[in-house]
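Taking it in order: structure first as structure tokens, then the write-up.
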Amino acid sequence: MTSGAPTPETVTLHVPFRVVKRGGRKEMQLPDGTTKSRRTDNTLVKALARAFRWKRMLESGEFATIAELAEREGIAPSYMTRILRLTLLAPDIVEAILDAKQGPEVTLAQMLEPFPSEWSSQFNQLERSDRTGCS
């Protein structure tokens, strides 16, 4: 636009997308070849932060057992144990989550499922779930 041209009252913008359901929630899916801005999964980031904080508290001797720490935090020991397993994730996976570079298939629910202890196997499992759309 030039400074002498009149400003239109209405601007219409067409964005091709479709709505798909994933895990009970709706998600916008853009056409192939377009990039979607990534949003940090705050639930997953919070769980990672708690896991590493709890691990430090246990390793420092501040708490002798998971049960003792879980009682102090007001959560079930079994849940704490599942969250603590996140400290066994490959560093590259943790970094991708913190940088919001993980795929949409990487959720807290999926990360709480059993995963291999070998880091390369963790990547393979994530790649399989990404291709199949399963979690």
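Going by the structure tokens order, chains are called A, B, ..., each with residues numbered from 1, while ligands are numbered from 1 in the order shown.
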Neighbours of segment 11-18 of chain A within 6 Å (only C-alpha atoms; same-chain residues fewer than 4 positions away dropped), as a PDB file with all heavy atoms, in the first residue's frame?
```pdb
ATOM      1  N   MET A  28      -5.157 -28.316  15.316  1.00  0.00           N
ATOM      2  CA  MET A  28      -5.155 -27.784  13.961  1.00  0.00           C
ATOM      3  C   MET A  28      -4.007 -28.431  13.186  1.00  0.00           C
ATOM      4  O   MET A  28      -2.881 -28.462  13.657  1.00  0.00           O
ATOM      5  CB  MET A  28      -4.964 -26.256  14.006  1.00  0.00           C
ATOM      6  CG  MET A  28      -5.072 -25.622  12.657  1.00  0.00           C
ATOM      7  SD  MET A  28      -5.100 -23.814  12.728  1.00  0.00           S
ATOM      8  CE  MET A  28      -3.454 -23.461  13.293  1.00  0.00           C
ATOM      9  N   GLN A  29      -4.323 -28.966  12.011  1.00  0.00           N
ATOM     10  CA  GLN A  29      -3.313 -29.593  11.173  1.00  0.00           C
ATOM     11  C   GLN A  29      -3.152 -28.758   9.908  1.00  0.00           C
ATOM     12  O   GLN A  29      -4.110 -28.553   9.160  1.00  0.00           O
ATOM     13  CB  GLN A  29      -3.715 -31.020  10.849  1.00  0.00           C
ATOM     14  CG  GLN A  29      -2.623 -31.812  10.176  1.00  0.00           C
ATOM     15  CD  GLN A  29      -3.050 -33.251   9.986  1.00  0.00           C
ATOM     16  OE1 GLN A  29      -4.113 -33.507   9.420  1.00  0.00           O
ATOM     17  NE2 GLN A  29      -2.245 -34.168  10.463  1.00  0.00           N
ATOM     18  N   LEU A  30      -1.927 -28.290   9.677  1.00  0.00           N
ATOM     19  CA  LEU A  30      -1.642 -27.468   8.505  1.00  0.00           C
ATOM     20  C   LEU A  30      -1.285 -28.354   7.321  1.00  0.00           C
ATOM     21  O   LEU A  30      -0.882 -29.499   7.500  1.00  0.00           O
ATOM     22  CB  LEU A  30      -0.498 -26.510   8.818  1.00  0.00           C
ATOM     23  CG  LEU A  30      -0.758 -25.544   9.983  1.00  0.00           C
ATOM     24  CD1 LEU A  30       0.499 -24.753  10.310  1.00  0.00           C
ATOM     25  CD2 LEU A  30      -1.882 -24.602   9.642  1.00  0.00           C
TER      26      LEU A  30
END
```
DSSP on the backbone: what in segment 83-132 of chain A comes out helix (DSSP H, G or I), as a PyMOL selection string? chain A and resi 83-88+91-98+108-111+119-132
Selected residues written out with C-alpha atoms, as a CSV table (one decimal), in the first residue's frame:
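Heads up, here's the output in again_19.csv:
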```csv
chain,number,residue,atom,x,y,z
A,83,ILE,CA,8.0,-39.2,37.3
A,84,LEU,CA,11.5,-40.0,38.6
A,85,ARG,CA,11.9,-42.3,35.6
A,86,LEU,CA,12.0,-39.2,33.4
A,87,THR,CA,15.5,-38.6,34.7
A,88,LEU,CA,16.5,-41.7,32.7
A,91,PRO,CA,19.7,-36.0,27.2
A,92,ASP,CA,18.8,-35.2,23.6
A,93,ILE,CA,15.1,-36.1,24.3
A,94,VAL,CA,15.1,-33.9,27.4
A,95,GLU,CA,16.6,-31.0,25.5
A,96,ALA,CA,14.1,-31.4,22.7
A,97,ILE,CA,11.2,-31.3,25.2
A,98,LEU,CA,12.7,-28.2,26.9
A,108,LEU,CA,3.6,-36.7,29.6
A,109,ALA,CA,1.2,-39.7,29.3
A,110,GLN,CA,3.5,-41.3,26.7
A,111,MET,CA,6.6,-40.5,28.7
A,119,TRP,CA,19.1,-44.1,24.9
A,120,SER,CA,19.2,-45.2,21.3
A,121,SER,CA,16.2,-47.5,21.9
A,122,GLN,CA,14.3,-44.6,23.3
A,123,PHE,CA,14.8,-42.6,20.1
A,124,ASN,CA,13.6,-45.7,18.1
A,125,GLN,CA,10.5,-46.0,20.2
A,126,LEU,CA,9.6,-42.4,19.8
A,127,GLU,CA,10.2,-42.6,16.0
A,128,ARG,CA,7.9,-45.7,15.8
A,129,SER,CA,5.1,-43.9,17.7
A,130,ASP,CA,5.5,-40.8,15.5
A,131,ARG,CA,5.1,-42.9,12.3
A,132,THR,CA,2.1,-44.9,13.5
```
Contact check, segment 74-135 of chain A to segment 57-65 of chain A, at most 12 Å, counting only C-alpha atoms, closest pairs as JSON lines:
```
{"residue": "A:Pro77", "atom": "CA", "partner": "A:Thr65", "partner_atom": "CA", "distance": 9.7}
{"residue": "A:Met80", "atom": "CA", "partner": "A:Thr65", "partner_atom": "CA", "distance": 11.2}
{"residue": "A:Thr81", "atom": "CA", "partner": "A:Thr65", "partner_atom": "CA", "distance": 10.9}
{"residue": "A:Leu84", "atom": "CA", "partner": "A:Leu58", "partner_atom": "CA", "distance": 10.5}
```
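Across segment 1-131 of chain A, DSSP run on the backbone finds strand (DSSP E) at Arg18, Val19, Val20, Lys21, Arg22, Arg25, Lys26, Glu27, Met28 and Gln29 of chain A.
You will find atom CA of Glu105 of chain A at 16.7 Å from atom CA of Leu48 of chain A.
Shortest atom-to-atom contact with Thr43 of chain A among A:Arg25, A:Ala100, A:Thr107, A:Ala90: A:Thr107, counting only C-alpha atoms.
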For Ser117 of chain A, which of A:Gln102, A:Asp41, A:Arg53, A:Leu89 is the closest residue, counting only C-alpha atoms?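 The closest residue to Ser117 of chain A is A:Leu89.
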Which distance in Å separates atom CA of Val106 of chain A and atom CA of Phe52 of chain A, to one decimal?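 Here the two named atoms are 18.7 Å from each other.
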As a check of understanding: the span from atom CA of Arg56 of chain A to atom CA of Thr40 of chain A is 24.0 Å
